[in-house]
file coords_28.cif (mmCIF, C-alpha atoms and all ligand atoms)
data_query
loop_
_atom_site.group_PDB
_atom_site.id
_atom_site.type_symbol
_atom_site.label_atom_id
_atom_site.label_comp_id
_atom_site.auth_asym_id
_atom_site.auth_seq_id
_atom_site.Cartn_x
_atom_site.Cartn_y
_atom_site.Cartn_z
ATOM 1 C CA MET A 257 0.000 0.000 0.000
ATOM 2 C CA GLN A 258 1.321 3.428 -0.912
ATOM 3 C CA SER A 259 1.146 5.871 1.936
ATOM 4 C CA SER A 260 3.358 8.689 0.669
ATOM 5 C CA TRP A 261 0.284 10.838 -0.051
ATOM 6 C CA VAL A 262 -0.727 10.829 3.608
ATOM 7 C CA PRO A 263 0.844 13.664 5.608
ATOM 8 C CA PHE A 264 2.711 12.775 8.827
ATOM 9 C CA VAL A 265 3.219 9.169 7.746
ATOM 10 C CA PRO A 266 6.923 8.261 7.456
ATOM 11 C CA PRO A 267 8.182 6.834 4.163
ATOM 12 C CA SER A 268 7.295 3.219 3.628
ATOM 13 C CA ALA A 269 10.297 1.087 2.748
ATOM 14 C CA SER A 270 9.917 -2.479 3.990
ATOM 15 C CA THR A 271 7.719 -5.476 3.316
ATOM 16 C CA LEU A 272 6.091 -4.872 6.681
ATOM 17 C CA SER A 273 5.440 -1.154 6.482
ATOM 18 C CA GLY A 274 2.547 -1.386 4.008
ATOM 19 C CA LYS A 275 0.820 -3.971 6.194
ATOM 20 C CA VAL A 276 1.250 -1.894 9.333
ATOM 21 C CA ASP A 277 -0.084 1.174 7.507
ATOM 22 C CA ALA A 278 -3.093 -0.718 6.178
ATOM 23 C CA LEU A 279 -4.001 -1.783 9.706
ATOM 24 C CA TYR A 280 -3.358 1.719 11.004
ATOM 25 C CA PHE A 281 -5.601 3.265 8.342
ATOM 26 C CA TYR A 282 -8.283 0.690 9.118
ATOM 27 C CA LEU A 283 -8.143 1.576 12.849
ATOM 28 C CA SER A 284 -8.244 5.284 12.031
ATOM 29 C CA GLY A 285 -11.093 4.735 9.549
ATOM 30 C CA VAL A 286 -13.218 2.808 12.060
ATOM 31 C CA THR A 287 -12.521 5.443 14.717
ATOM 32 C CA ILE A 288 -13.412 8.358 12.442
ATOM 33 C CA PHE A 289 -16.530 6.603 11.175
ATOM 34 C CA PHE A 290 -17.889 5.957 14.678
ATOM 35 C CA THR A 291 -16.892 9.396 15.945
ATOM 36 C CA LEU A 292 -18.863 11.018 13.130
ATOM 37 C CA LEU A 293 -21.775 8.581 13.468
ATOM 38 C CA ILE A 294 -22.135 8.998 17.227
ATOM 39 C CA SER A 295 -21.652 12.758 17.292
ATOM 40 C CA GLY A 296 -24.042 13.124 14.324
ATOM 41 C CA VAL A 297 -26.747 11.046 15.996
ATOM 42 C CA LEU A 298 -26.123 12.876 19.267
ATOM 43 C CA ILE A 299 -26.633 16.309 17.708
ATOM 44 C CA PHE A 300 -29.654 15.069 15.761
ATOM 45 C CA PHE A 301 -31.346 13.703 18.923
ATOM 46 C CA VAL A 302 -30.509 16.775 20.970
ATOM 47 C CA ILE A 303 -32.399 18.874 18.465
ATOM 48 C CA LYS A 304 -35.185 16.407 17.741
ATOM 49 C CA TYR A 305 -36.022 15.646 21.380
ATOM 50 C CA ARG A 306 -35.410 19.082 22.825
ATOM 51 C CA ARG A 307 -37.791 20.274 25.505
ATOM 52 C CA ARG A 308 -40.435 22.353 23.816
ATOM 53 C CA ASN A 309 -42.295 23.688 26.846
ATOM 54 C CA PRO A 310 -41.342 23.942 30.509
ATOM 55 C CA TYR A 311 -44.028 21.459 31.647
ATOM 56 C CA GLU A 312 -43.074 18.670 29.297
ATOM 57 C CA ILE A 313 -42.269 15.361 31.037
ATOM 58 C CA PRO A 314 -40.391 12.764 28.975
ATOM 59 C CA ARG A 315 -41.940 9.397 28.255
ATOM 60 C CA PRO A 316 -40.268 6.533 30.139
ATOM 61 C CA VAL A 317 -38.190 4.351 27.806
ATOM 62 C CA ALA A 318 -38.084 0.585 28.320
ATOM 63 C CA GLY A 319 -34.934 -1.316 27.372
ATOM 64 C CA SER A 320 -34.692 -3.232 24.140
ATOM 65 C CA LEU A 321 -32.895 -6.557 24.256
ATOM 66 C CA LYS A 322 -32.640 -6.623 20.478
ATOM 67 C CA LEU A 323 -30.912 -3.242 20.299
ATOM 68 C CA GLU A 324 -28.601 -3.982 23.184
ATOM 69 C CA THR A 325 -27.528 -7.282 21.652
ATOM 70 C CA LEU A 326 -26.928 -5.555 18.363
ATOM 71 C CA TRP A 327 -24.723 -2.808 19.771
ATOM 72 C CA SER A 328 -22.743 -5.335 21.789
ATOM 73 C CA VAL A 329 -22.217 -7.880 19.039
ATOM 74 C CA ILE A 330 -21.255 -5.440 16.268
ATOM 75 C CA PRO A 331 -18.483 -3.703 18.267
ATOM 76 C CA PHE A 332 -17.290 -7.120 19.430
ATOM 77 C CA ILE A 333 -16.927 -8.320 15.852
ATOM 78 C CA ILE A 334 -15.143 -5.090 14.863
ATOM 79 C CA ALA A 335 -12.787 -5.369 17.852
ATOM 80 C CA MET A 336 -12.011 -8.975 16.916
ATOM 81 C CA THR A 337 -11.085 -8.001 13.345
ATOM 82 C CA MET A 338 -8.586 -5.531 14.823
ATOM 83 C CA PHE A 339 -7.255 -8.193 17.157
ATOM 84 C CA ALA A 340 -6.904 -10.881 14.488
ATOM 85 C CA TRP A 341 -5.340 -8.538 11.946
ATOM 86 C CA GLY A 342 -2.965 -7.065 14.539
ATOM 87 C CA ALA A 343 -1.998 -10.487 15.881
ATOM 88 C CA GLN A 344 -1.241 -11.734 12.379
ATOM 89 C CA ILE A 345 1.122 -8.802 11.720
ATOM 90 C CA PHE A 346 2.624 -9.150 15.195
ATOM 91 C CA PHE A 347 3.427 -12.824 14.658
ATOM 92 C CA GLU A 348 4.897 -12.177 11.239
ATOM 93 C CA GLN A 349 7.039 -9.399 12.635
ATOM 94 C CA SER A 350 8.222 -11.304 15.696
ATOM 95 C CA ARG A 351 9.270 -14.479 13.894
ATOM 96 C CA PRO A 352 12.442 -13.883 11.908
ATOM 97 C CA PRO A 353 12.665 -16.111 8.837
ATOM 98 C CA SER A 354 15.359 -18.761 9.184
ATOM 99 C CA ASN A 355 17.223 -17.647 6.054
ATOM 100 C CA ALA A 356 17.750 -14.086 7.290
ATOM 101 C CA VAL A 357 21.216 -12.531 7.283
ATOM 102 C CA GLU A 358 22.259 -11.596 10.798
ATOM 103 C CA VAL A 359 23.539 -8.203 11.866
ATOM 104 C CA TYR A 360 24.734 -7.554 15.410
ATOM 105 C CA VAL A 361 23.691 -4.336 17.130
ATOM 106 C CA VAL A 362 24.925 -3.014 20.467
ATOM 107 C CA GLY A 363 23.385 0.060 22.066
ATOM 108 C CA LYS A 364 25.634 2.190 24.231
ATOM 109 C CA GLN A 365 25.255 5.657 25.714
ATOM 110 C CA TRP A 366 24.904 7.262 23.178
ATOM 111 C CA MET A 367 25.461 5.392 19.970
ATOM 112 C CA TRP A 368 24.528 2.307 17.998
ATOM 113 C CA LYS A 369 27.427 -0.013 17.240
ATOM 114 C CA ILE A 370 26.722 -2.357 14.399
ATOM 115 C CA GLN A 371 28.659 -5.303 13.030
ATOM 116 C CA HIS A 372 27.927 -7.391 9.963
ATOM 117 C CA THR A 373 28.711 -11.114 9.835
ATOM 118 C CA THR A 374 31.373 -10.307 7.256
ATOM 119 C CA GLY A 375 33.159 -8.117 9.774
ATOM 120 C CA GLN A 376 32.218 -4.583 8.673
ATOM 121 C CA ARG A 377 31.599 -2.281 11.577
ATOM 122 C CA GLU A 378 29.481 0.826 11.584
ATOM 123 C CA ILE A 379 28.455 3.403 14.118
ATOM 124 C CA ASN A 380 25.021 5.038 13.890
ATOM 125 C CA GLU A 381 24.684 3.736 10.349
ATOM 126 C CA LEU A 382 23.290 0.517 9.036
ATOM 127 C CA HIS A 383 23.832 -0.431 5.407
ATOM 128 C CA VAL A 384 21.507 -3.067 4.024
ATOM 129 C CA PRO A 385 20.579 -4.295 0.559
ATOM 130 C CA VAL A 386 17.111 -4.149 -0.983
ATOM 131 C CA GLY A 387 15.204 -7.423 -1.032
ATOM 132 C CA ARG A 388 17.244 -9.389 1.468
ATOM 133 C CA ARG A 389 15.913 -10.457 4.833
ATOM 134 C CA ILE A 390 17.927 -9.026 7.683
ATOM 135 C CA LYS A 391 17.733 -10.164 11.289
ATOM 136 C CA LEU A 392 19.094 -7.842 13.948
ATOM 137 C CA VAL A 393 20.447 -9.423 17.113
ATOM 138 C CA MET A 394 20.568 -6.587 19.617
ATOM 139 C CA GLY A 395 22.053 -6.092 23.055
ATOM 140 C CA THR A 396 23.111 -3.159 25.202
ATOM 141 C CA GLU A 397 26.290 -2.265 27.002
ATOM 142 C CA ASP A 398 24.574 -0.130 29.672
ATOM 143 C CA VAL A 399 20.939 1.008 29.992
ATOM 144 C CA ILE A 400 17.733 0.325 28.084
ATOM 145 C CA HIS A 401 17.708 1.739 24.569
ATOM 146 C CA ASP A 402 15.176 1.239 21.815
ATOM 147 C CA PHE A 403 15.988 0.577 18.180
ATOM 148 C CA PHE A 404 13.471 2.281 15.930
ATOM 149 C CA ILE A 405 13.345 2.535 12.130
ATOM 150 C CA PRO A 406 10.110 4.385 11.321
ATOM 151 C CA ALA A 407 10.316 3.724 7.566
ATOM 152 C CA PHE A 408 10.308 -0.031 8.233
ATOM 153 C CA ARG A 409 7.696 0.220 11.027
ATOM 154 C CA ILE A 410 9.908 -1.773 13.375
ATOM 155 C CA LYS A 411 10.872 -0.889 16.906
ATOM 156 C CA ALA A 412 12.110 -2.872 19.892
ATOM 157 C CA ASP A 413 13.570 -2.230 23.313
ATOM 158 C CA VAL A 414 17.154 -3.299 23.821
ATOM 159 C CA VAL A 415 17.423 -4.468 27.412
ATOM 160 C CA PRO A 416 20.548 -5.136 29.515
ATOM 161 C CA GLY A 417 21.294 -8.812 30.012
ATOM 162 C CA ARG A 418 19.288 -10.158 27.129
ATOM 163 C CA TYR A 419 18.995 -10.174 23.369
ATOM 164 C CA THR A 420 16.207 -8.732 21.330
ATOM 165 C CA THR A 421 15.705 -9.525 17.685
ATOM 166 C CA LEU A 422 14.029 -7.609 14.904
ATOM 167 C CA TRP A 423 13.812 -8.488 11.252
ATOM 168 C CA PHE A 424 12.930 -6.683 8.048
ATOM 169 C CA GLU A 425 13.224 -6.765 4.310
ATOM 170 C CA ALA A 426 13.828 -3.358 2.771
ATOM 171 C CA THR A 427 11.983 -2.646 -0.452
ATOM 172 C CA LYS A 428 13.224 0.762 -1.536
ATOM 173 C CA ALA A 429 16.739 2.170 -1.768
ATOM 174 C CA GLY A 430 17.327 5.363 0.181
ATOM 175 C CA ARG A 431 18.439 6.808 3.465
ATOM 176 C CA TYR A 432 16.070 6.471 6.422
ATOM 177 C CA HIS A 433 16.001 7.629 10.017
ATOM 178 C CA LEU A 434 17.270 5.473 12.845
ATOM 179 C CA PHE A 435 16.271 6.553 16.340
ATOM 180 C CA CYS A 436 16.759 5.551 19.927
ATOM 181 C CA ALA A 437 13.197 5.588 21.177
ATOM 182 C CA GLU A 438 13.767 5.059 24.884
ATOM 183 C CA TYR A 439 15.000 7.846 27.131
ATOM 184 C CA CYS A 440 18.520 6.716 28.022
ATOM 185 C CA GLY A 441 20.243 9.701 29.613
ATOM 186 C CA MET A 442 21.592 13.112 28.772
ATOM 187 C CA ASN A 443 22.308 12.634 25.068
ATOM 188 C CA HIS A 444 19.365 10.383 24.270
ATOM 189 C CA SER A 445 18.167 12.867 21.651
ATOM 190 C CA GLY A 446 21.544 12.611 19.934
ATOM 191 C CA MET A 447 21.409 8.827 19.684
ATOM 192 C CA ILE A 448 20.249 8.904 16.089
ATOM 193 C CA GLY A 449 21.543 7.600 12.823
ATOM 194 C CA SER A 450 20.633 6.404 9.360
ATOM 195 C CA VAL A 451 19.713 3.217 7.657
ATOM 196 C CA VAL A 452 21.117 3.181 4.142
ATOM 197 C CA VAL A 453 19.251 0.845 1.841
ATOM 198 C CA MET A 454 21.212 0.035 -1.316
ATOM 199 C CA GLU A 455 20.640 -1.926 -4.465
ATOM 200 C CA PRO A 456 22.214 -5.391 -3.978
ATOM 201 C CA LYS A 457 25.141 -4.726 -6.322
ATOM 202 C CA ASP A 458 25.932 -1.387 -4.653
ATOM 203 C CA PHE A 459 25.728 -3.127 -1.325
ATOM 204 C CA ASP A 460 28.152 -5.861 -2.402
ATOM 205 C CA GLU A 461 30.496 -3.139 -3.580
ATOM 206 C CA TRP A 462 30.168 -1.363 -0.258
ATOM 207 C CA LEU A 463 30.886 -4.625 1.568
ATOM 208 C CA SER A 464 33.999 -5.379 -0.456
ATOM 209 C CA GLY A 465 35.151 -1.769 -0.192
ATOM 210 C CA SER A 466 35.727 -2.042 3.520
ATOM 211 C CA SER A 467 37.356 -5.448 3.743
ATOM 212 C CA SER A 468 40.269 -6.414 5.997
ATOM 213 C CA GLN A 469 37.907 -6.410 8.934
ATOM 214 C CA GLN A 470 37.632 -9.426 11.101
ATOM 215 C CA SER A 471 34.337 -11.281 11.054
ATOM 216 C CA PRO A 472 32.573 -11.577 14.407
ATOM 217 C CA ALA A 473 32.952 -15.366 14.291
ATOM 218 C CA ILE A 474 36.748 -15.104 13.920
ATOM 219 C CA ALA A 475 36.914 -12.442 16.625
ATOM 220 C CA GLY A 476 34.817 -14.730 18.804
ATOM 221 C CA GLN A 477 37.202 -17.600 18.199
ATOM 222 C CA GLN A 478 40.103 -15.431 19.342
ATOM 223 C CA ILE A 479 38.264 -14.518 22.544
ATOM 224 C CA TYR A 480 37.489 -18.203 23.021
ATOM 225 C CA GLU A 481 41.193 -18.996 22.737
ATOM 226 C CA THR A 482 42.381 -16.074 24.886
ATOM 227 C CA LEU A 483 40.002 -16.925 27.715
ATOM 228 C CA GLY A 484 41.095 -20.559 27.606
ATOM 229 C CA CYS A 485 37.584 -21.873 26.914
ATOM 230 C CA ALA A 486 39.045 -24.680 24.798
ATOM 231 C CA SER A 487 40.607 -26.416 27.775
ATOM 232 C CA CYS A 488 37.131 -27.522 28.863
ATOM 233 C CA HIS A 489 34.922 -26.864 25.839
ATOM 234 C CA GLY A 490 36.587 -28.388 22.826
ATOM 235 C CA PRO A 491 34.287 -27.796 19.871
ATOM 236 C CA THR A 492 33.591 -31.513 19.629
ATOM 237 C CA GLY A 493 33.934 -32.339 23.297
ATOM 238 C CA GLU A 494 37.710 -32.349 23.718
ATOM 239 C CA GLY A 495 38.590 -31.362 27.239
ATOM 240 C CA GLY A 496 35.658 -33.324 28.519
ATOM 241 C CA ARG A 497 34.808 -31.055 31.427
ATOM 242 C CA GLY A 498 32.264 -28.985 29.527
ATOM 243 C CA PRO A 499 29.704 -29.783 26.856
ATOM 244 C CA ALA A 500 30.830 -29.734 23.223
ATOM 245 C CA LEU A 501 30.078 -26.487 21.436
ATOM 246 C CA ALA A 502 29.807 -27.663 17.840
ATOM 247 C CA GLY A 503 26.220 -27.835 16.692
ATOM 248 C CA VAL A 504 24.859 -26.752 20.054
ATOM 249 C CA PHE A 505 23.254 -23.572 18.754
ATOM 250 C CA GLY A 506 19.580 -24.042 17.960
ATOM 251 C CA ARG A 507 19.523 -27.546 19.419
ATOM 252 C CA GLN A 508 17.570 -28.879 22.383
ATOM 253 C CA VAL A 509 19.731 -29.139 25.493
ATOM 254 C CA PHE A 510 19.018 -31.451 28.422
ATOM 255 C CA LEU A 511 19.681 -29.812 31.773
ATOM 256 C CA ASN A 512 20.564 -31.559 35.003
ATOM 257 C CA ASN A 513 17.312 -30.387 36.602
ATOM 258 C CA GLY A 514 15.396 -32.471 34.082
ATOM 259 C CA GLN A 515 14.434 -29.518 31.912
ATOM 260 C CA ASN A 516 14.873 -29.474 28.199
ATOM 261 C CA ILE A 517 15.501 -26.111 26.570
ATOM 262 C CA LYS A 518 16.533 -24.703 23.225
ATOM 263 C CA ALA A 519 20.069 -23.340 22.990
ATOM 264 C CA ASP A 520 19.233 -19.910 21.588
ATOM 265 C CA GLU A 521 21.090 -16.594 21.796
ATOM 266 C CA ALA A 522 19.880 -15.893 25.326
ATOM 267 C CA TYR A 523 20.921 -19.325 26.573
ATOM 268 C CA ILE A 524 24.435 -19.040 25.130
ATOM 269 C CA ARG A 525 24.847 -15.573 26.620
ATOM 270 C CA GLU A 526 23.648 -16.728 30.028
ATOM 271 C CA SER A 527 25.944 -19.731 29.940
ATOM 272 C CA VAL A 528 28.935 -17.406 29.600
ATOM 273 C CA VAL A 529 28.024 -14.770 32.178
ATOM 274 C CA ASN A 530 26.142 -17.002 34.619
ATOM 275 C CA PRO A 531 27.173 -20.590 33.909
ATOM 276 C CA GLN A 532 25.506 -22.104 36.984
ATOM 277 C CA ALA A 533 22.047 -20.931 35.945
ATOM 278 C CA LYS A 534 21.381 -23.781 33.536
ATOM 279 C CA LEU A 535 23.735 -26.720 33.841
ATOM 280 C CA VAL A 536 23.784 -29.282 31.099
ATOM 281 C CA ALA A 537 22.975 -32.786 32.361
ATOM 282 C CA GLY A 538 26.113 -34.717 33.226
ATOM 283 C CA PHE A 539 28.336 -31.706 33.957
ATOM 284 C CA GLY A 540 29.269 -30.225 37.324
ATOM 285 C CA PRO A 541 29.087 -26.565 38.390
ATOM 286 C CA ILE A 542 32.769 -25.922 37.721
ATOM 287 C CA MET A 543 32.714 -23.125 35.158
ATOM 288 C CA PRO A 544 33.625 -19.665 36.480
ATOM 289 C CA THR A 545 31.566 -16.683 35.428
ATOM 290 C CA PHE A 546 32.861 -14.388 32.712
ATOM 291 C CA GLN A 547 30.642 -11.520 33.767
ATOM 292 C CA GLY A 548 32.632 -8.304 33.504
ATOM 293 C CA GLN A 549 35.458 -9.926 31.561
ATOM 294 C CA VAL A 550 33.727 -9.763 28.218
ATOM 295 C CA SER A 551 31.854 -6.795 26.779
ATOM 296 C CA GLU A 552 28.467 -7.095 25.090
ATOM 297 C CA GLU A 553 30.172 -6.883 21.731
ATOM 298 C CA GLN A 554 32.543 -9.688 22.664
ATOM 299 C CA LEU A 555 29.630 -11.785 23.889
ATOM 300 C CA MET A 556 28.022 -11.351 20.484
ATOM 301 C CA GLN A 557 31.279 -12.380 18.833
ATOM 302 C CA ILE A 558 31.448 -15.498 21.005
ATOM 303 C CA LEU A 559 27.869 -16.161 19.999
ATOM 304 C CA ALA A 560 28.768 -15.737 16.324
ATOM 305 C CA PHE A 561 31.677 -18.165 16.799
ATOM 306 C CA ILE A 562 29.469 -20.783 18.445
ATOM 307 C CA LYS A 563 26.889 -20.366 15.689
ATOM 308 C CA SER A 564 29.614 -20.911 13.115
ATOM 309 C CA LEU A 565 30.467 -24.287 14.677
ATOM 310 C CA GLN A 566 27.547 -26.029 13.055
ATOM 311 C CA ILE A 567 27.735 -29.691 12.251
ATOM 312 C CA ARG A 568 26.480 -30.352 8.755
ATOM 313 C CA PRO A 569 24.079 -33.265 9.071
ATOM 314 C CA PRO A 570 24.854 -36.066 6.594
ATOM 315 C CA ASN A 571 22.379 -36.074 3.732
ATOM 316 C CA PRO A 572 19.941 -38.936 4.159
HETATM 317 CU CU1 LIG A 601 19.604 5.278 23.732
HETATM 318 CU CU2 LIG A 601 17.771 6.764 24.075
#

call {"tool": "encode", "arguments": {"input": "coords_28.cif", "output": "structure tokens"}}
result
Amino acid sequence: MQSSWVPFVPPSASTLSGKVDALYFYLSGVTIFFTLLISGVLIFFVIKYRRRNPYEIPRPVAGSLKLETLWSVIPFIIAMTMFAWGAQIFFEQSRPPSNAVEVYVVGKQWMWKIQHTTGQREINELHVPVGRRIKLVMGTEDVIHDFFIPAFRIKADVVPGRYTTLWFEATKAGRYHLFCAEYCGMNHSGMIGSVVVMEPKDFDEWLSGSSSQQSPAIAGQQIYETLGCASCHGPTGEGGRGPALAGVFGRQVFLNNGQNIKADEAYIRESVVNPQAKLVAGFGPIMPTFQGQVSEEQLMQILAFIKSLQIRPPNP
């Protein structure tokens, strides 16, 4: 849906933005329609049933079950259309497609630090190609921030100690606003930037133009080696004192309390900063915490490294 003709509506530049606008216009339309209807009827009745002489006593009005049912059921149905439509968009927006390209984002007073899986780093700028699905994995170094790209109609809080994800597919090349939408201290209003959407070939050129940067997975591997993780966590179980890391990401993990959870971003992060929280079945509470020794960015690099250790399943 094209919305550029509507004043005050930001440019529409993602696969989601048209859908969000359509829902928004529907909500506005329903609201305007009922506002006009009710105020019109109100004015009409005020005039029609005005008191014509000082001795007039109104006729008592008995209730009407039919009418009451009608004006309960109709708004209910309208409210449910809003709910169903909104829920559908919400689910689509909150479930990143599995083939999305990941980009790591760290909020920090007062900037956005961004790293691509190929290693390129950016500050307060995010370059993305048209027509490719991008998944943002976001964390924060300090307080709560909020990553907001109005032109894509996406927005999410970035909360200390956990990861938030957003995804989008840009549809139109151009430069769009990037905001921090959560008050985060003195220079909150300066925590702004741009999203640069490029045609795929321009984007590839941009990527190759700033090479010689280390990919997050390689950087993560170096941290893994420096911190001596390998002595317990060999990628395929060497060391023996900690679970193997290869292929763990995205898999179900059995814990020693009988629980069974999915090894997602949050689980990996927690296992580094608070290893005793969820112990894998068969392993003792021997791992020290790395809280304070690794920054949020380094945690994301460790995460990228662990993700890169996937075991290719043999083709059946
Ligand atoms: Cu960061 Cu406001």

call {"tool": "residues_around", "arguments": {"input": "coords_28.cif", "residues": "Gln508 in chain A", "least_positions_apart": "3", "cutoff": "8 Å", "atoms": "only C-alpha atoms", "output": "list in words"}}
result
Val504, Asn516, Ile517, Lys518 and Ala519 of chain A

call {"tool": "write_last_selection", "arguments": {"input": "coords_28.cif", "atoms": "C-alpha atoms", "output": "PDB file, keeping the file's coordinate frame"}}
result
ATOM      1  CA  VAL A 504      24.859 -26.752  20.054  1.00  0.00           C
ATOM      2  CA  ASN A 516      14.873 -29.474  28.199  1.00  0.00           C
ATOM      3  CA  ILE A 517      15.501 -26.111  26.570  1.00  0.00           C
ATOM      4  CA  LYS A 518      16.533 -24.703  23.225  1.00  0.00           C
ATOM      5  CA  ALA A 519      20.069 -23.340  22.990  1.00  0.00           C
TER       6      ALA A 519
END

call {"tool": "resolve_selection", "arguments": {"input": "coords_28.cif", "expression": "the PyMOL selection byres (((not hetatm)) within 9 of (chain A and resi 601))", "output": "ChimeraX atom specification"}}
result
/A:363-368,399-403,414,435-448

call {"tool": "write_last_selection", "arguments": {"input": "coords_28.cif", "atoms": "C-alpha atoms", "output": "PDB file, in the coordinates of the input"}}
result
ATOM      1  CA  GLY A 363      23.385   0.060  22.066  1.00  0.00           C
ATOM      2  CA  LYS A 364      25.634   2.190  24.231  1.00  0.00           C
ATOM      3  CA  GLN A 365      25.255   5.657  25.714  1.00  0.00           C
ATOM      4  CA  TRP A 366      24.904   7.262  23.178  1.00  0.00           C
ATOM      5  CA  MET A 367      25.461   5.392  19.970  1.00  0.00           C
ATOM      6  CA  TRP A 368      24.528   2.307  17.998  1.00  0.00           C
ATOM      7  CA  VAL A 399      20.939   1.008  29.992  1.00  0.00           C
ATOM      8  CA  ILE A 400      17.733   0.325  28.084  1.00  0.00           C
ATOM      9  CA  HIS A 401      17.708   1.739  24.569  1.00  0.00           C
ATOM     10  CA  ASP A 402      15.176   1.239  21.815  1.00  0.00           C
ATOM     11  CA  PHE A 403      15.988   0.577  18.180  1.00  0.00           C
ATOM     12  CA  VAL A 414      17.154  -3.299  23.821  1.00  0.00           C
ATOM     13  CA  PHE A 435      16.271   6.553  16.340  1.00  0.00           C
ATOM     14  CA  CYS A 436      16.759   5.551  19.927  1.00  0.00           C
ATOM     15  CA  ALA A 437      13.197   5.588  21.177  1.00  0.00           C
ATOM     16  CA  GLU A 438      13.767   5.059  24.884  1.00  0.00           C
ATOM     17  CA  TYR A 439      15.000   7.846  27.131  1.00  0.00           C
ATOM     18  CA  CYS A 440      18.520   6.716  28.022  1.00  0.00           C
ATOM     19  CA  GLY A 441      20.243   9.701  29.613  1.00  0.00           C
ATOM     20  CA  MET A 442      21.592  13.112  28.772  1.00  0.00           C
ATOM     21  CA  ASN A 443      22.308  12.634  25.068  1.00  0.00           C
ATOM     22  CA  HIS A 444      19.365  10.383  24.270  1.00  0.00           C
ATOM     23  CA  SER A 445      18.167  12.867  21.651  1.00  0.00           C
ATOM     24  CA  GLY A 446      21.544  12.611  19.934  1.00  0.00           C
ATOM     25  CA  MET A 447      21.409   8.827  19.684  1.00  0.00           C
ATOM     26  CA  ILE A 448      20.249   8.904  16.089  1.00  0.00           C
TER      27      ILE A 448
END

call {"tool": "atom_distance", "arguments": {"input": "coords_28.cif", "atom1": "CA of Asn512 in chain A", "atom2": "CA of Pro531 in chain A"}}
result
12.9 Å

call {"tool": "residues_near_point", "arguments": {"input": "coords_28.cif", "point": "(21.5, -1.3, 9.5)", "cutoff": "10 Å", "atoms": "only C-alpha atoms", "output": "PyMOL selection string"}}
result
chain A and resi 359-361+368-372+378-385+390-392+405+432+434+449-453

call {"tool": "closest_residue", "arguments": {"input": "coords_28.cif", "among": "A:Ala407, A:Leu555, A:Ile330, A:Val317", "to": "Ser527 in chain A", "atoms": "all atoms listed in the file"}}
result
A:Leu555

call {"tool": "resolve_selection", "arguments": {"input": "coords_28.cif", "expression": "the PyMOL selection byres (((chain A and resi 485) around 12) and not hetatm)", "output": "tab-separated table (two decimals) with C-alpha atoms, in the frame of the given file"}}
result
chain	number	residue	atom	x	y	z
A	476	GLY	CA	34.82	-14.73	18.80
A	477	GLN	CA	37.20	-17.60	18.20
A	478	GLN	CA	40.10	-15.43	19.34
A	479	ILE	CA	38.26	-14.52	22.54
A	480	TYR	CA	37.49	-18.20	23.02
A	481	GLU	CA	41.19	-19.00	22.74
A	482	THR	CA	42.38	-16.07	24.89
A	483	LEU	CA	40.00	-16.92	27.72
A	484	GLY	CA	41.10	-20.56	27.61
A	486	ALA	CA	39.04	-24.68	24.80
A	487	SER	CA	40.61	-26.42	27.78
A	488	CYS	CA	37.13	-27.52	28.86
A	489	HIS	CA	34.92	-26.86	25.84
A	490	GLY	CA	36.59	-28.39	22.83
A	491	PRO	CA	34.29	-27.80	19.87
A	493	GLY	CA	33.93	-32.34	23.30
A	494	GLU	CA	37.71	-32.35	23.72
A	495	GLY	CA	38.59	-31.36	27.24
A	496	GLY	CA	35.66	-33.32	28.52
A	497	ARG	CA	34.81	-31.06	31.43
A	498	GLY	CA	32.26	-28.98	29.53
A	499	PRO	CA	29.70	-29.78	26.86
A	500	ALA	CA	30.83	-29.73	23.22
A	501	LEU	CA	30.08	-26.49	21.44
A	528	VAL	CA	28.94	-17.41	29.60
A	543	MET	CA	32.71	-23.12	35.16
A	544	PRO	CA	33.62	-19.66	36.48
A	545	THR	CA	31.57	-16.68	35.43
A	546	PHE	CA	32.86	-14.39	32.71
A	558	ILE	CA	31.45	-15.50	21.00
A	562	ILE	CA	29.47	-20.78	18.44

call {"tool": "resolve_selection", "arguments": {"input": "coords_28.cif", "expression": "the PyMOL selection byres (((chain A and resi 552) around 7) and not hetatm)", "output": "JSON, numbers by chain"}}
result
{"A": [395, 396, 397, 550, 551, 553, 554, 555, 556]}

call {"tool": "closest_residue", "arguments": {"input": "coords_28.cif", "among": "A:Arg525, A:Gly548, A:Gly319, A:Leu272", "to": "Phe347 in chain A", "atoms": "all atoms listed in the file"}}
result
A:Leu272

call {"tool": "closest_residue", "arguments": {"input": "coords_28.cif", "among": "A:Ser564, A:Gln349, A:Ser295, A:Gln469", "to": "Glu425 in chain A", "atoms": "only C-alpha atoms"}}
result
A:Gln349

call {"tool": "closest_residue", "arguments": {"input": "coords_28.cif", "among": "A:Asn513, A:Gly285, A:Glu521, A:Ala412", "to": "Ala533 in chain A", "atoms": "all atoms listed in the file"}}
result
A:Asn513

call {"tool": "axis_aligned_box", "arguments": {"input": "coords_28.cif", "around": "range 513-531 of chain A", "padding_each_side": "5 Å", "output": "AutoDock Vina command-line options"}}
result
--center_x 21.7 --center_y -23.6 --center_z 29.1 --size_x 24.5 --size_y 27.7 --size_z 25.0

call {"tool": "residues_around", "arguments": {"input": "coords_28.cif", "residues": "Arg351 in chain A", "least_positions_apart": "5", "cutoff": "10 Å", "atoms": "only C-alpha atoms", "output": "ChimeraX atom specification"}}
result
/A:346,391,421-423

call {"tool": "closest_residue", "arguments": {"input": "coords_28.cif", "among": "A:Val529, A:Ala475, A:Ala537, A:Ala278", "to": "Phe561 in chain A", "atoms": "all atoms listed in the file"}}
result
A:Ala475

call {"tool": "closest_residue", "arguments": {"input": "coords_28.cif", "among": "A:Pro416, A:Pro331, A:Gly514, A:Gly506", "to": "Val536 in chain A", "atoms": "all atoms listed in the file"}}
result
A:Gly514
